[in-house]
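Peer 1: Contents of data.cif (mmCIF, C-alpha atoms):
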data_entry
#
loop_
_atom_site.label_atom_id
_atom_site.label_comp_id
_atom_site.auth_asym_id
_atom_site.auth_seq_id
_atom_site.Cartn_x
_atom_site.Cartn_y
_atom_site.Cartn_z
CA MET A 1 -61.13 108.44 214.67
CA SER A 2 -61.74 104.94 213.23
CA SER A 3 -60.67 104.39 209.61
CA ILE A 4 -63.37 101.70 209.18
CA PRO A 5 -66.68 103.24 208.10
CA TYR A 6 -69.79 102.31 210.02
CA GLU A 7 -71.86 99.65 208.28
CA ILE A 8 -75.50 98.81 208.88
CA ASP A 9 -75.90 95.13 209.64
CA GLU A 10 -78.75 92.71 209.09
CA TRP A 11 -79.35 89.61 211.20
CA VAL A 12 -80.67 86.36 209.75
CA TYR A 13 -81.62 83.69 212.28
CA GLY A 14 -81.87 79.93 212.28
CA ARG A 15 -79.98 78.89 209.17
CA THR A 16 -78.96 75.21 209.11
CA VAL A 17 -75.36 74.31 208.34
CA LYS A 18 -75.54 71.76 205.53
CA LEU A 19 -73.66 68.47 205.33
CA ASP A 20 -71.10 70.11 203.06
CA CYS A 21 -70.27 72.51 205.94
CA HIS A 22 -71.80 75.57 204.26
CA ILE A 23 -74.77 77.85 204.83
CA THR A 24 -76.60 79.52 201.97
CA PHE A 25 -77.37 83.22 201.86
CA GLN A 26 -78.86 84.89 198.78
CA LYS A 27 -77.97 81.90 196.57
CA ASN A 28 -74.32 81.87 197.62
CA ASN A 29 -72.55 79.51 200.01
CA TYR A 30 -70.28 80.27 202.96
CA SER A 31 -68.36 77.67 204.96
CA CYS A 32 -68.52 76.91 208.69
CA PRO A 33 -66.28 74.69 210.82
CA TYR A 34 -67.36 71.08 210.23
CA GLN A 35 -68.24 70.59 213.91
CA TYR A 36 -71.36 72.69 213.29
CA ALA A 37 -72.80 70.60 210.44
CA LYS A 38 -76.59 70.23 210.84
CA LYS A 39 -76.70 72.84 213.62
CA LYS A 40 -78.66 76.11 213.51
CA VAL A 41 -76.62 79.29 213.20
CA ASP A 42 -77.31 83.02 212.89
CA LEU A 43 -75.86 85.37 210.28
CA LYS A 44 -74.71 88.95 210.71
CA VAL A 45 -74.62 90.51 207.26
CA THR A 46 -73.23 93.88 206.20
CA ALA A 47 -72.57 95.34 202.77
CA HIS A 48 -69.09 93.78 202.70
CA PHE A 49 -68.95 90.91 205.22
CA LEU A 50 -70.95 87.91 206.41
CA GLU A 51 -70.33 86.59 209.93
CA ILE A 52 -71.69 83.30 211.24
CA TYR A 53 -72.63 82.88 214.90
CA TYR A 54 -73.47 79.80 216.95
CA GLN A 55 -75.10 80.49 220.31
CA ASN A 56 -73.91 84.11 220.17
CA GLU A 57 -70.31 83.10 219.44
CA ARG A 58 -68.79 84.05 216.10
CA ILE A 59 -67.47 80.94 214.33
CA ALA A 60 -66.69 82.27 210.82
CA THR A 61 -66.23 85.47 208.85
CA HIS A 62 -66.37 85.82 205.07
CA LYS A 63 -66.24 88.62 202.54
CA ARG A 64 -69.77 88.88 201.19
CA PHE A 65 -70.33 88.10 197.52
CA PRO A 66 -71.78 90.95 195.46
CA THR A 67 -75.49 90.67 194.70
CA TYR A 68 -74.92 89.86 191.01
CA LYS A 69 -73.11 86.60 191.89
CA GLU A 70 -75.08 83.39 192.42
CA TYR A 71 -74.26 79.78 193.36
CA THR A 72 -70.70 80.68 194.38
CA PHE A 73 -68.69 79.20 197.26
CA SER A 74 -66.55 80.91 199.86
CA THR A 75 -64.80 77.96 201.49
CA LEU A 76 -62.04 78.13 204.09
CA PRO A 77 -60.02 74.86 203.97
CA GLU A 78 -59.67 74.75 207.76
CA HIS A 79 -63.47 74.50 208.04
CA LEU A 80 -63.47 71.07 206.38
CA PRO A 81 -62.41 67.89 208.21
CA ASP A 82 -59.33 65.99 207.07
CA GLN A 83 -61.56 63.07 206.20
CA PHE A 84 -65.14 63.91 205.42
CA ASN A 85 -66.11 60.40 206.53
CA GLN A 86 -66.56 61.90 209.99
CA LEU A 87 -69.89 63.12 208.65
CA GLU A 88 -72.66 61.01 207.21
CA TRP A 89 -71.80 61.31 203.55
CA ASN A 90 -68.81 61.17 201.22
CA GLU A 91 -68.29 61.07 197.46
CA GLN A 92 -68.07 57.29 197.12
CA ARG A 93 -71.18 56.63 199.18
CA LEU A 94 -73.18 59.07 197.04
CA LEU A 95 -71.87 57.50 193.84
CA ASN A 96 -72.77 54.04 195.13
CA TRP A 97 -76.33 55.17 195.87
CA ALA A 98 -76.60 56.70 192.40
CA GLU A 99 -75.28 53.51 190.78
CA LYS A 100 -78.01 51.47 192.46
CA ILE A 101 -80.63 53.77 190.92
CA GLY A 102 -79.17 53.52 187.42
CA PRO A 103 -76.42 54.55 184.99
CA PHE A 104 -77.94 57.91 184.06
CA THR A 105 -78.33 58.93 187.71
CA HIS A 106 -74.75 57.82 188.32
CA LYS A 107 -73.59 60.00 185.41
CA VAL A 108 -75.42 63.04 186.82
CA ILE A 109 -73.75 62.62 190.21
CA GLN A 110 -70.35 62.09 188.59
CA ARG A 111 -70.69 65.30 186.63
CA ILE A 112 -71.68 67.31 189.69
CA PHE A 113 -68.40 66.28 191.34
CA GLU A 114 -66.36 66.82 188.16
CA ARG A 115 -67.19 70.53 188.12
CA LEU A 116 -66.01 71.23 191.67
CA GLN A 117 -62.54 71.90 193.03
CA LEU A 118 -63.62 70.73 196.49
CA LYS A 119 -65.69 67.55 196.46
CA GLU A 120 -67.35 68.54 199.73
CA GLN A 121 -69.11 71.38 197.92
CA GLY A 122 -71.12 68.83 195.96
CA TYR A 123 -72.54 66.78 198.81
CA GLN A 124 -75.68 68.81 199.32
CA SER A 125 -76.38 69.07 195.58
CA CYS A 126 -76.00 65.31 195.19
CA LEU A 127 -78.24 64.56 198.15
CA SER A 128 -80.92 66.86 196.75
CA VAL A 129 -80.84 64.93 193.47
CA LEU A 130 -80.80 61.46 195.04
CA ASN A 131 -83.59 62.26 197.48
CA LEU A 132 -85.88 62.81 194.49
CA SER A 133 -86.00 59.00 194.30
CA LYS A 134 -87.81 58.98 197.65
CA LYS A 135 -90.42 61.50 196.53
CA HIS A 136 -90.97 59.83 193.14
CA SER A 137 -89.22 56.50 192.48
CA ASN A 138 -85.86 55.14 191.38
CA GLU A 139 -87.24 54.46 187.90
CA ALA A 140 -88.72 57.95 187.52
CA LEU A 141 -85.49 59.62 188.65
CA GLU A 142 -83.42 57.46 186.31
CA LYS A 143 -85.65 58.41 183.37
CA ALA A 144 -85.53 62.09 184.36
CA CYS A 145 -81.72 61.93 184.45
CA GLN A 146 -81.70 60.35 180.99
CA ILE A 147 -83.91 63.14 179.62
CA ALA A 148 -81.87 65.84 181.34
CA LEU A 149 -78.53 64.49 180.08
CA GLU A 150 -79.82 64.69 176.51
CA ARG A 151 -80.24 68.45 177.01
CA LEU A 152 -77.54 69.44 179.50
CA HIS A 153 -73.99 68.36 180.23
CA SER A 154 -74.42 68.60 184.01
CA PRO A 155 -78.07 68.76 185.14
CA ARG A 156 -78.87 69.65 188.74
CA TYR A 157 -81.77 69.27 191.15
CA ARG A 158 -83.73 72.17 189.67
CA GLN A 159 -83.84 70.74 186.15
CA LEU A 160 -84.59 67.20 187.34
CA ASN A 161 -87.35 68.35 189.66
CA THR A 162 -88.93 70.28 186.78
CA ILE A 163 -88.87 67.19 184.56
CA LEU A 164 -90.37 64.98 187.28
CA ASN A 165 -93.18 67.44 188.01
CA ASN A 166 -93.98 68.33 184.39
CA PRO A 167 -97.41 66.84 183.50
CA ASN A 168 -96.19 66.37 179.91
CA ASN A 169 -93.65 63.81 181.14
CA LYS A 170 -96.08 61.81 183.28
CA GLU A 171 -96.69 59.13 180.66
CA ILE A 172 -92.98 58.65 179.91
CA LEU A 173 -92.13 58.33 183.61
CA GLU A 174 -94.97 55.89 184.24
CA GLU A 175 -93.81 53.76 181.30
CA ALA A 176 -90.31 53.63 182.81
CA GLU A 177 -91.74 52.44 186.13
CA SER A 178 -93.94 49.81 184.42
CA ALA A 179 -91.05 48.49 182.35
CA GLN A 180 -88.92 48.09 185.48
CA LYS A 181 -91.72 46.21 187.28
CA GLU A 182 -92.15 43.89 184.29
CA THR A 183 -88.41 43.20 184.25
CA LEU A 184 -88.41 42.36 187.95
CA GLY A 185 -91.40 40.08 187.49
CA PHE A 186 -89.69 38.31 184.60
CA VAL A 187 -86.43 37.56 186.40
CA ARG A 188 -88.07 36.24 189.56
CA GLY A 189 -88.30 32.46 189.46
CA PRO A 190 -90.90 30.25 191.20
CA GLU A 191 -88.69 30.00 194.28
CA TYR A 192 -89.17 33.74 194.80
CA TYR A 193 -92.88 33.14 195.35
CA GLY A 194 -92.35 30.23 197.73
CA ARG A 195 -93.06 27.40 195.25
CA ASP A 196 -90.81 24.45 194.61
CA ILE A 197 -89.33 24.72 191.11
CA ASN A 198 -90.22 21.03 190.52
CA ASP A 199 -93.94 21.42 191.30
#
Take the structure in this file and express it as structure tokens.
Peer 2:
Amino acid sequence: MSSIPYEIDEWVYGRTVKLDCHITFQKNNYSCPYQYAKKKVDLKVTAHFLEIYYQNERIATHKRFPTYKEYTFSTLPEHLPDQFNQLEWNEQRLLNWAEKIGPFTHKVIQRIFERLQLKEQGYQSCLSVLNLSKKHSNEALEKACQIALERLHSPRYRQLNTILNNPNNKEILEEAESAQKETLGFVRGPEYYGRDIND
């Protein structure tokens, strides 16, 4: 007779493996081999284990986190590439993008990485933050990061998104955008507009 008790399993289909080589299930993160980044996988979940399948082939097994845990990582080192540059993103590229937006955004991204033992675990969080600049603007995100850093040591996407979508902050964010446009207009000389500086 088997010593392993029978466990009821649940299947979850079509989860995308993120750029940090993890999938998310019930607010926790479980790693996959890096070759499967951006691919769709299926999850077989029991009370104690979580298995990850790609095209009906099991590619990873993890002990399942208890339901009271959130935002935790189960990462197997062999799932991560020796150099994460094989994928589209790495720490320095994300920091460079943040620096172009502004010093407060750069500080937010720095602090996300500072709190992690494995830098790869922060890639998706950083991308979520930086992509807010596409939905709003660089100036609005920079101002939101400034506001968030006054309240929190290490703000994340959720707090920044709340600030950006709060109607009470609309005027402050619009002022930041206007100030940036005025600065750009001031530093552009006549040659920028196609006129000879001696005209």
Peer 1: Starting from the PyMOL selection byres ((chain A and resi 11-21) around 6), expand the selection into actual residues of this file and give them as a PyMOL selection string.
Peer 2: chain A and resi 10+22-23+31-32+34+37-44+120-121+123
Peer 1: Between CA of Glu114 in chain A and CA of Ile172 in chain A, what is the spacing in Å?
Peer 2: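 Between CA of Ile172 in chain A and CA of Glu114 in chain A the gap works out to 29.0 Å.
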Peer 1: Expand the PyMOL selection byres ((chain A and resi 130-144) around 8) into the individual residues it matches in the shown file, reporting them as a list of chain:residue names.
Peer 2: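 So the PyMOL selection byres ((chain A and resi 130-144) around 8), applied here, picks out A:Trp97, A:Ala98, A:Ile101, A:Gly102, A:Pro103, A:Phe104, A:Thr105, A:Cys126, A:Leu127, A:Ser128, A:Val129, A:Cys145, A:Gln146, A:Ile147, A:Ala148, A:Leu160, A:Asn161, A:Ile163, A:Leu164, A:Leu173, A:Glu174, A:Ala176, A:Glu177, A:Gln180.
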Peer 1: Give the answer as one residue: which of A:Tyr36, A:Leu149, A:Glu171, A:Leu76 has the shortest atom-to-atom distance to Tyr53 in chain A, using only C-alpha atoms?
Peer 2: A:Tyr36
Peer 1: Report, in Å with one decimal, the straight-line distance from CA of Glu70 in chain A to CA of Leu116 in chain A.
Peer 2: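 Atom-to-atom, CA of Glu70 in chain A to CA of Leu116 in chain A, that is 15.2 Å.
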Peer 1: Could you check how far CA of Arg111 in chain A sits from CA of Ser74 in chain A, in Å to one decimal?
Peer 2: 20.9 Å
Peer 1: Return as lines of an AutoDock Vina configuration file the centre and edge lengths, in Å with one decimal, of the box along x, y and z that encloses every atom of range 91-98 of chain A in the file, padded by 8 Å per side.
Peer 2:
center_x = -72.3
center_y = 57.6
center_z = 195.8
size_x = 24.5
size_y = 23.0
size_z = 22.8
Peer 1: Dig up all the protein and nucleic acid residues within 10 Å of (-75.3, 70.5, 184.4) in the file frame, using all atoms listed in the file, and format them as an MDAnalysis selection string.
Peer 2: chainID A and resid 108:109 111:112 115 148:149 151:157 159
Peer 1: Running the PyMOL selection byres ((chain A and resi 63) around 8) on this model by hand, what would come out? Give it as a list in words.
Peer 2: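 Residues picked by the PyMOL selection byres ((chain A and resi 63) around 8): His48, Phe49, Leu50, Thr61, His62, Arg64 and Phe65 of chain A.
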Peer 1: Return range 138-155 of chain A, completed with N, CA and C atoms, as a PDB file, in the coordinates of the input.
Peer 2:
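Output saved as rebuild_21.pdb:
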ATOM      1  N   ASN A 138     -87.153  55.314 192.027  1.00  0.00           N
ATOM      2  CA  ASN A 138     -85.860  55.140 191.380  1.00  0.00           C
ATOM      3  C   ASN A 138     -86.001  55.208 189.853  1.00  0.00           C
ATOM      4  N   GLU A 139     -87.048  54.531 189.342  1.00  0.00           N
ATOM      5  CA  GLU A 139     -87.240  54.460 187.900  1.00  0.00           C
ATOM      6  C   GLU A 139     -87.546  55.835 187.305  1.00  0.00           C
ATOM      7  N   ALA A 140     -88.370  56.612 188.012  1.00  0.00           N
ATOM      8  CA  ALA A 140     -88.720  57.950 187.520  1.00  0.00           C
ATOM      9  C   ALA A 140     -87.499  58.863 187.519  1.00  0.00           C
ATOM     10  N   LEU A 141     -86.693  58.793 188.590  1.00  0.00           N
ATOM     11  CA  LEU A 141     -85.490  59.620 188.650  1.00  0.00           C
ATOM     12  C   LEU A 141     -84.506  59.224 187.559  1.00  0.00           C
ATOM     13  N   GLU A 142     -84.332  57.917 187.345  1.00  0.00           N
ATOM     14  CA  GLU A 142     -83.420  57.460 186.310  1.00  0.00           C
ATOM     15  C   GLU A 142     -83.849  57.964 184.933  1.00  0.00           C
ATOM     16  N   LYS A 143     -85.153  57.922 184.656  1.00  0.00           N
ATOM     17  CA  LYS A 143     -85.650  58.410 183.370  1.00  0.00           C
ATOM     18  C   LYS A 143     -85.474  59.927 183.272  1.00  0.00           C
ATOM     19  N   ALA A 144     -85.712  60.638 184.352  1.00  0.00           N
ATOM     20  CA  ALA A 144     -85.530  62.090 184.360  1.00  0.00           C
ATOM     21  C   ALA A 144     -84.069  62.458 184.102  1.00  0.00           C
ATOM     22  N   CYS A 145     -83.149  61.688 184.688  1.00  0.00           N
ATOM     23  CA  CYS A 145     -81.720  61.930 184.450  1.00  0.00           C
ATOM     24  C   CYS A 145     -81.361  61.675 182.987  1.00  0.00           C
ATOM     25  N   GLN A 146     -81.944  60.632 182.405  1.00  0.00           N
ATOM     26  CA  GLN A 146     -81.700  60.350 180.990  1.00  0.00           C
ATOM     27  C   GLN A 146     -82.162  61.513 180.121  1.00  0.00           C
ATOM     28  N   ILE A 147     -83.367  62.009 180.390  1.00  0.00           N
ATOM     29  CA  ILE A 147     -83.910  63.140 179.620  1.00  0.00           C
ATOM     30  C   ILE A 147     -83.035  64.373 179.798  1.00  0.00           C
ATOM     31  N   ALA A 148     -82.648  64.640 181.043  1.00  0.00           N
ATOM     32  CA  ALA A 148     -81.870  65.840 181.340  1.00  0.00           C
ATOM     33  C   ALA A 148     -80.486  65.796 180.676  1.00  0.00           C
ATOM     34  N   LEU A 149     -79.857  64.613 180.667  1.00  0.00           N
ATOM     35  CA  LEU A 149     -78.530  64.490 180.080  1.00  0.00           C
ATOM     36  C   LEU A 149     -78.540  64.657 178.561  1.00  0.00           C
ATOM     37  N   GLU A 150     -79.695  64.451 177.952  1.00  0.00           N
ATOM     38  CA  GLU A 150     -79.820  64.690 176.510  1.00  0.00           C
ATOM     39  C   GLU A 150     -79.829  66.184 176.201  1.00  0.00           C
ATOM     40  N   ARG A 151     -80.127  67.004 177.222  1.00  0.00           N
ATOM     41  CA  ARG A 151     -80.240  68.450 177.010  1.00  0.00           C
ATOM     42  C   ARG A 151     -79.088  69.228 177.642  1.00  0.00           C
ATOM     43  N   LEU A 152     -78.548  68.713 178.730  1.00  0.00           N
ATOM     44  CA  LEU A 152     -77.540  69.440 179.500  1.00  0.00           C
ATOM     45  C   LEU A 152     -76.355  68.545 179.811  1.00  0.00           C
ATOM     46  N   HIS A 153     -75.173  69.149 179.875  1.00  0.00           N
ATOM     47  CA  HIS A 153     -73.990  68.360 180.230  1.00  0.00           C
ATOM     48  C   HIS A 153     -74.023  67.958 181.704  1.00  0.00           C
ATOM     49  N   SER A 154     -74.435  68.876 182.570  1.00  0.00           N
ATOM     50  CA  SER A 154     -74.420  68.600 184.010  1.00  0.00           C
ATOM     51  C   SER A 154     -75.722  69.106 184.651  1.00  0.00           C
ATOM     52  N   PRO A 155     -76.803  68.335 184.524  1.00  0.00           N
ATOM     53  CA  PRO A 155     -78.070  68.760 185.140  1.00  0.00           C
ATOM     54  C   PRO A 155     -77.993  68.733 186.656  1.00  0.00           C
TER      55      PRO A 155
END
